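Asker: Structure file query.pdb (PDB, C-alpha atoms, pLDDT in the B column) right here:
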ATOM      1  CA  MET A1403       0.000   0.000   0.000  1.00 44.00           C
ATOM      2  CA  MET A1404       1.431   3.370  -1.004  1.00 43.00           C
ATOM      3  CA  GLU A1405       1.665   6.145   1.551  1.00 48.00           C
ATOM      4  CA  PRO A1406      -0.108   9.371   0.531  1.00 49.00           C
ATOM      5  CA  MET A1407       2.157  12.193  -0.602  1.00 50.00           C
ATOM      6  CA  MET A1408       2.678  14.952   1.943  1.00 53.00           C
ATOM      7  CA  ARG A1409       1.886  18.515   0.874  1.00 54.00           C
ATOM      8  CA  ASN A1410       5.029  20.603   0.528  1.00 62.00           C
ATOM      9  CA  ASP A1411       3.404  23.885   1.544  1.00 83.00           C
ATOM     10  CA  LEU A1412       2.543  22.869   5.116  1.00 89.00           C
ATOM     11  CA  ASP A1413       4.808  24.299   7.815  1.00 93.00           C
ATOM     12  CA  ALA A1414       4.739  22.929  11.351  1.00 95.00           C
ATOM     13  CA  THR A1415       7.944  24.706  12.432  1.00 94.00           C
ATOM     14  CA  ASN A1416       6.392  26.619  15.320  1.00 93.00           C
ATOM     15  CA  MET A1417       3.758  24.067  16.295  1.00 96.00           C
ATOM     16  CA  ARG A1418       3.459  21.830  19.340  1.00 97.00           C
ATOM     17  CA  ILE A1419       1.420  18.709  18.712  1.00 98.00           C
ATOM     18  CA  GLY A1420       0.027  16.346  21.332  1.00 98.00           C
ATOM     19  CA  VAL A1421      -0.337  12.671  20.494  1.00 98.00           C
ATOM     20  CA  ILE A1422      -2.581  10.378  22.525  1.00 98.00           C
ATOM     21  CA  VAL A1423      -1.673   6.713  22.190  1.00 97.00           C
ATOM     22  CA  VAL A1424      -4.476   4.364  23.235  1.00 96.00           C
ATOM     23  CA  ARG A1425      -2.882   1.229  24.683  1.00 94.00           C
ATOM     24  CA  ASP A1426      -5.944  -0.853  23.707  1.00 93.00           C
ATOM     25  CA  PHE A1427      -4.947  -0.343  20.064  1.00 95.00           C
ATOM     26  CA  GLU A1428      -1.346  -1.585  20.234  1.00 94.00           C
ATOM     27  CA  GLU A1429      -1.327  -2.916  16.665  1.00 95.00           C
ATOM     28  CA  HIS A1430      -2.542   0.459  15.348  1.00 96.00           C
ATOM     29  CA  THR A1431       0.120   2.254  17.412  1.00 96.00           C
ATOM     30  CA  ASP A1432       2.901  -0.031  16.164  1.00 96.00           C
ATOM     31  CA  LYS A1433       1.911   0.756  12.588  1.00 97.00           C
ATOM     32  CA  HIS A1434       1.305   4.507  12.913  1.00 97.00           C
ATOM     33  CA  LEU A1435       3.217   6.198  15.762  1.00 98.00           C
ATOM     34  CA  MET A1436       6.674   6.494  14.213  1.00 97.00           C
ATOM     35  CA  PRO A1437       5.337   7.386  10.737  1.00 97.00           C
ATOM     36  CA  LEU A1438       3.130  10.072  12.361  1.00 98.00           C
ATOM     37  CA  ILE A1439       6.136  11.554  14.153  1.00 97.00           C
ATOM     38  CA  ASP A1440       8.244  11.323  10.971  1.00 97.00           C
ATOM     39  CA  ASN A1441       5.496  13.094   8.979  1.00 96.00           C
ATOM     40  CA  LEU A1442       5.291  15.915  11.544  1.00 97.00           C
ATOM     41  CA  ILE A1443       9.073  16.293  11.576  1.00 96.00           C
ATOM     42  CA  SER A1444       9.155  16.337   7.751  1.00 95.00           C
ATOM     43  CA  MET A1445       6.795  19.339   7.891  1.00 96.00           C
ATOM     44  CA  GLY A1446       9.167  21.150  10.242  1.00 96.00           C
ATOM     45  CA  CYS A1447       7.807  20.261  13.677  1.00 97.00           C
ATOM     46  CA  HIS A1448      10.692  19.893  16.127  1.00 97.00           C
ATOM     47  CA  GLN A1449      10.787  16.487  17.783  1.00 96.00           C
ATOM     48  CA  GLN A1450      10.758  18.069  21.251  1.00 97.00           C
ATOM     49  CA  ASN A1451       7.463  19.766  20.272  1.00 97.00           C
ATOM     50  CA  ILE A1452       5.712  16.429  19.754  1.00 98.00           C
ATOM     51  CA  VAL A1453       4.273  15.414  23.121  1.00 98.00           C
ATOM     52  CA  VAL A1454       3.260  11.749  23.280  1.00 98.00           C
ATOM     53  CA  ARG A1455       1.145  10.384  26.131  1.00 98.00           C
ATOM     54  CA  THR A1456      -0.129   6.822  26.469  1.00 97.00           C
ATOM     55  CA  ILE A1457      -3.502   6.055  28.017  1.00 97.00           C
ATOM     56  CA  PRO A1458      -5.011   2.689  29.011  1.00 96.00           C
ATOM     57  CA  SER A1459      -8.236   2.602  27.025  1.00 94.00           C
ATOM     58  CA  ILE A1460     -10.678   4.301  24.686  1.00 94.00           C
ATOM     59  CA  PHE A1461     -12.631   5.537  27.699  1.00 93.00           C
ATOM     60  CA  ASP A1462      -9.640   7.671  28.776  1.00 96.00           C
ATOM     61  CA  VAL A1463      -9.493   9.580  25.475  1.00 96.00           C
ATOM     62  CA  VAL A1464     -11.702  12.466  26.558  1.00 97.00           C
ATOM     63  CA  ILE A1465      -9.943  13.172  29.844  1.00 97.00           C
ATOM     64  CA  ALA A1466      -6.503  12.861  28.210  1.00 97.00           C
ATOM     65  CA  THR A1467      -7.564  15.349  25.521  1.00 97.00           C
ATOM     66  CA  GLN A1468      -8.833  17.642  28.288  1.00 97.00           C
ATOM     67  CA  PHE A1469      -5.454  17.326  30.051  1.00 97.00           C
ATOM     68  CA  PHE A1470      -3.681  18.397  26.850  1.00 97.00           C
ATOM     69  CA  ALA A1471      -6.007  21.381  26.532  1.00 96.00           C
ATOM     70  CA  GLU A1472      -5.724  22.455  30.140  1.00 95.00           C
ATOM     71  CA  TYR A1473      -2.155  21.612  31.147  1.00 96.00           C
ATOM     72  CA  THR A1474      -0.067  21.997  27.990  1.00 95.00           C
ATOM     73  CA  ASP A1475       0.465  24.545  25.272  1.00 94.00           C
ATOM     74  CA  VAL A1476      -0.048  22.183  22.343  1.00 97.00           C
ATOM     75  CA  ASP A1477      -1.696  23.626  19.243  1.00 96.00           C
ATOM     76  CA  GLY A1478      -3.571  20.436  18.420  1.00 97.00           C
ATOM     77  CA  VAL A1479      -3.982  16.790  19.380  1.00 98.00           C
ATOM     78  CA  VAL A1480      -3.839  13.608  17.320  1.00 98.00           C
ATOM     79  CA  ILE A1481      -5.667  10.699  18.922  1.00 97.00           C
ATOM     80  CA  LEU A1482      -3.746   7.729  17.553  1.00 96.00           C
ATOM     81  CA  ALA A1483      -6.503   5.137  17.286  1.00 96.00           C
ATOM     82  CA  PRO A1484      -8.636   3.547  14.571  1.00 95.00           C
ATOM     83  CA  GLU A1485     -11.183   6.161  13.459  1.00 92.00           C
ATOM     84  CA  ASN A1486     -14.064   3.699  13.419  1.00 92.00           C
ATOM     85  CA  LYS A1487     -13.442   2.718  17.060  1.00 92.00           C
ATOM     86  CA  ILE A1488     -13.415   6.309  18.325  1.00 90.00           C
ATOM     87  CA  MET A1489     -16.144   7.639  16.051  1.00 88.00           C
ATOM     88  CA  GLY A1490     -18.283   4.615  16.801  1.00 89.00           C
ATOM     89  CA  THR A1491     -18.237   5.444  20.499  1.00 91.00           C
ATOM     90  CA  LEU A1492     -20.732   8.289  20.768  1.00 92.00           C
ATOM     91  CA  SER A1493     -19.839   9.365  24.302  1.00 93.00           C
ATOM     92  CA  VAL A1494     -16.160   9.698  23.360  1.00 94.00           C
ATOM     93  CA  MET A1495     -16.942  11.670  20.196  1.00 94.00           C
ATOM     94  CA  ASN A1496     -19.294  13.981  22.104  1.00 95.00           C
ATOM     95  CA  GLY A1497     -16.567  14.604  24.672  1.00 95.00           C
ATOM     96  CA  ILE A1498     -13.984  15.370  21.994  1.00 96.00           C
ATOM     97  CA  VAL A1499     -16.309  17.794  20.229  1.00 95.00           C
ATOM     98  CA  GLN A1500     -17.025  19.587  23.524  1.00 96.00           C
ATOM     99  CA  ILE A1501     -13.297  20.009  24.184  1.00 96.00           C
ATOM    100  CA  GLN A1502     -12.735  21.307  20.650  1.00 95.00           C
ATOM    101  CA  ILE A1503     -15.408  23.938  21.145  1.00 95.00           C
ATOM    102  CA  GLN A1504     -14.558  24.851  24.741  1.00 95.00           C
ATOM    103  CA  TRP A1505     -10.795  25.110  24.218  1.00 95.00           C
ATOM    104  CA  ASN A1506     -10.754  26.116  20.531  1.00 93.00           C
ATOM    105  CA  MET A1507      -8.382  23.196  19.977  1.00 95.00           C
ATOM    106  CA  VAL A1508      -7.842  21.182  16.830  1.00 96.00           C
ATOM    107  CA  VAL A1509      -8.288  17.449  17.464  1.00 97.00           C
ATOM    108  CA  THR A1510      -8.105  14.658  14.911  1.00 96.00           C
ATOM    109  CA  VAL A1511      -8.385  10.873  15.102  1.00 96.00           C
ATOM    110  CA  GLY A1512      -6.596   8.215  13.080  1.00 96.00           C
ATOM    111  CA  GLY A1513      -3.089   7.289  12.082  1.00 96.00           C
ATOM    112  CA  ALA A1514       0.038   8.662  10.446  1.00 96.00           C
ATOM    113  CA  ASN A1515      -2.061  10.204   7.673  1.00 94.00           C
ATOM    114  CA  ARG A1516      -3.485  12.675  10.203  1.00 96.00           C
ATOM    115  CA  ALA A1517      -0.190  14.610  10.457  1.00 96.00           C
ATOM    116  CA  GLU A1518      -1.051  16.678   7.407  1.00 96.00           C
ATOM    117  CA  ASP A1519      -4.614  17.249   8.642  1.00 95.00           C
ATOM    118  CA  ILE A1520      -3.565  18.544  12.067  1.00 97.00           C
ATOM    119  CA  VAL A1521      -0.931  20.875  10.594  1.00 96.00           C
ATOM    120  CA  GLN A1522      -3.358  22.192   7.968  1.00 95.00           C
ATOM    121  CA  MET A1523      -6.045  22.932  10.566  1.00 95.00           C
ATOM    122  CA  VAL A1524      -3.621  24.587  13.008  1.00 96.00           C
ATOM    123  CA  GLU A1525      -2.253  26.694  10.124  1.00 94.00           C
ATOM    124  CA  MET A1526      -5.790  27.788   9.259  1.00 94.00           C
ATOM    125  CA  GLN A1527      -6.519  28.664  12.893  1.00 93.00           C
ATOM    126  CA  ASN A1528      -3.276  30.677  13.150  1.00 91.00           C
ATOM    127  CA  GLU A1529      -3.952  32.521   9.885  1.00 92.00           C
ATOM    128  CA  MET A1530      -7.467  33.443  10.966  1.00 92.00           C
ATOM    129  CA  GLU A1531      -6.177  34.615  14.355  1.00 88.00           C
ATOM    130  CA  GLU A1532      -3.582  36.801  12.625  1.00 88.00           C
ATOM    131  CA  GLU A1533      -6.210  38.248  10.277  1.00 87.00           C
ATOM    132  CA  VAL A1534      -8.426  39.249  13.204  1.00 83.00           C
ATOM    133  CA  ALA A1535      -5.475  40.822  15.027  1.00 78.00           C
ATOM    134  CA  SER A1536      -4.457  42.675  11.880  1.00 77.00           C
ATOM    135  CA  GLN A1537      -7.973  43.953  11.310  1.00 76.00           C
ATOM    136  CA  SER A1538      -8.334  45.180  14.874  1.00 69.00           C
ATOM    137  CA  GLU A1539      -4.968  46.990  14.603  1.00 69.00           C
ATOM    138  CA  ASN A1540      -6.221  48.739  11.463  1.00 68.00           C
ATOM    139  CA  PHE A1541      -9.328  49.969  13.287  1.00 66.00           C
ATOM    140  CA  SER A1542      -7.505  51.239  16.378  1.00 60.00           C
TER
END
Could you write out this structure as structure tokens?
Answerer:
Amino acid sequence: MMEPMMRNDLDATNMRIGVIVVRDFEEHTDKHLMPLIDNLISMGCHQQNIVVRTIPSIFDVVIATQFFAEYTDVDGVVILAPENKIMGTLSVMNGIVQIQIQWNMVVTVGGANRAEDIVQMVEMQNEMEEEVASQSENFS
């Protein structure tokens, strides 16, 4: 199976990314963790800015995401787990959505292919933040 090509225009140089590894999905982790980190590094994210935390089970995903939001300065979180397992668990998805809204934090679920998604969404958030700041400076 071919890996998807990474976009060359994405820049994660100044980003901090949290990664939640769900121990219940060891096979998924073995396949995706190092490629995810490699993909983030290839987009410029410094290795020390990739914060990996391991949790016991799918039911710890929401609180671990909350911990990232509350106790770290990460720009976004990748939940390293099979999408269908997380998205198929309604209570977990509801919790993730609430954290995204409450903390204005980008969160994505999946594997190594999510590196590009998280960087793209954080870039968009940063650009929109800068535009608002620029506009308010122009009106002051």
Asker: When the PyMOL selection byres ((chain A and resi 1475) around 12) is applied to the file above, which residues end up in the set, as number ranges by chain?
Answerer: A: 1416-1420, 1451-1453, 1468-1474, 1476-1479, 1505, 1507
Asker: At what distance in Å, to one decimal, does atom CA of A:Thr1510 lie from atom CA of A:Glu1525?
Answerer: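 These two atoms are separated by 14.2 Å.
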Asker: What is the atom CA of A:Asn1441-atom CA of A:Ala1414 distance in Å, reported with one decimal?
Answerer: 10.1 Å
Asker: Measuring between all atoms listed in the file, which one of A:Val1534, A:Val1524, A:Val1463, A:Leu1482 shows the shortest distance to A:Val1499?
Answerer: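 Closest residue, counting all atoms listed in the file: A:Val1463.
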Asker: Which residues fall under the PyMOL selection byres ((chain A and resi 1422-1437) around 8) in this file, as a PyMOL selection string?
Answerer: chain A and resi 1420-1421+1438-1441+1454-1460+1463+1466-1467+1479-1484+1513-1514
Asker: Rounded to one decimal in Å, what is the spacing between atom CA of A:Leu1492 and atom CA of A:Ile1465?
Answerer: 14.9 Å
Asker: Any idea what's packed within 10 Å of A:Asn1486, counting all atoms listed in the file, ignoring anything in its chain fewer than 5 positions away? Could you give it as a PyMOL selection string?
Answerer: chain A and resi 1491+1511-1512
Asker: Just so the selection is clear, what residues does the PyMOL selection byres ((chain A and resi 1412) around 10) cover here, as a ChimeraX atom specification?
Answerer: /A:1408-1411,1413-1415,1442,1444-1446,1518-1519,1521-1522,1525
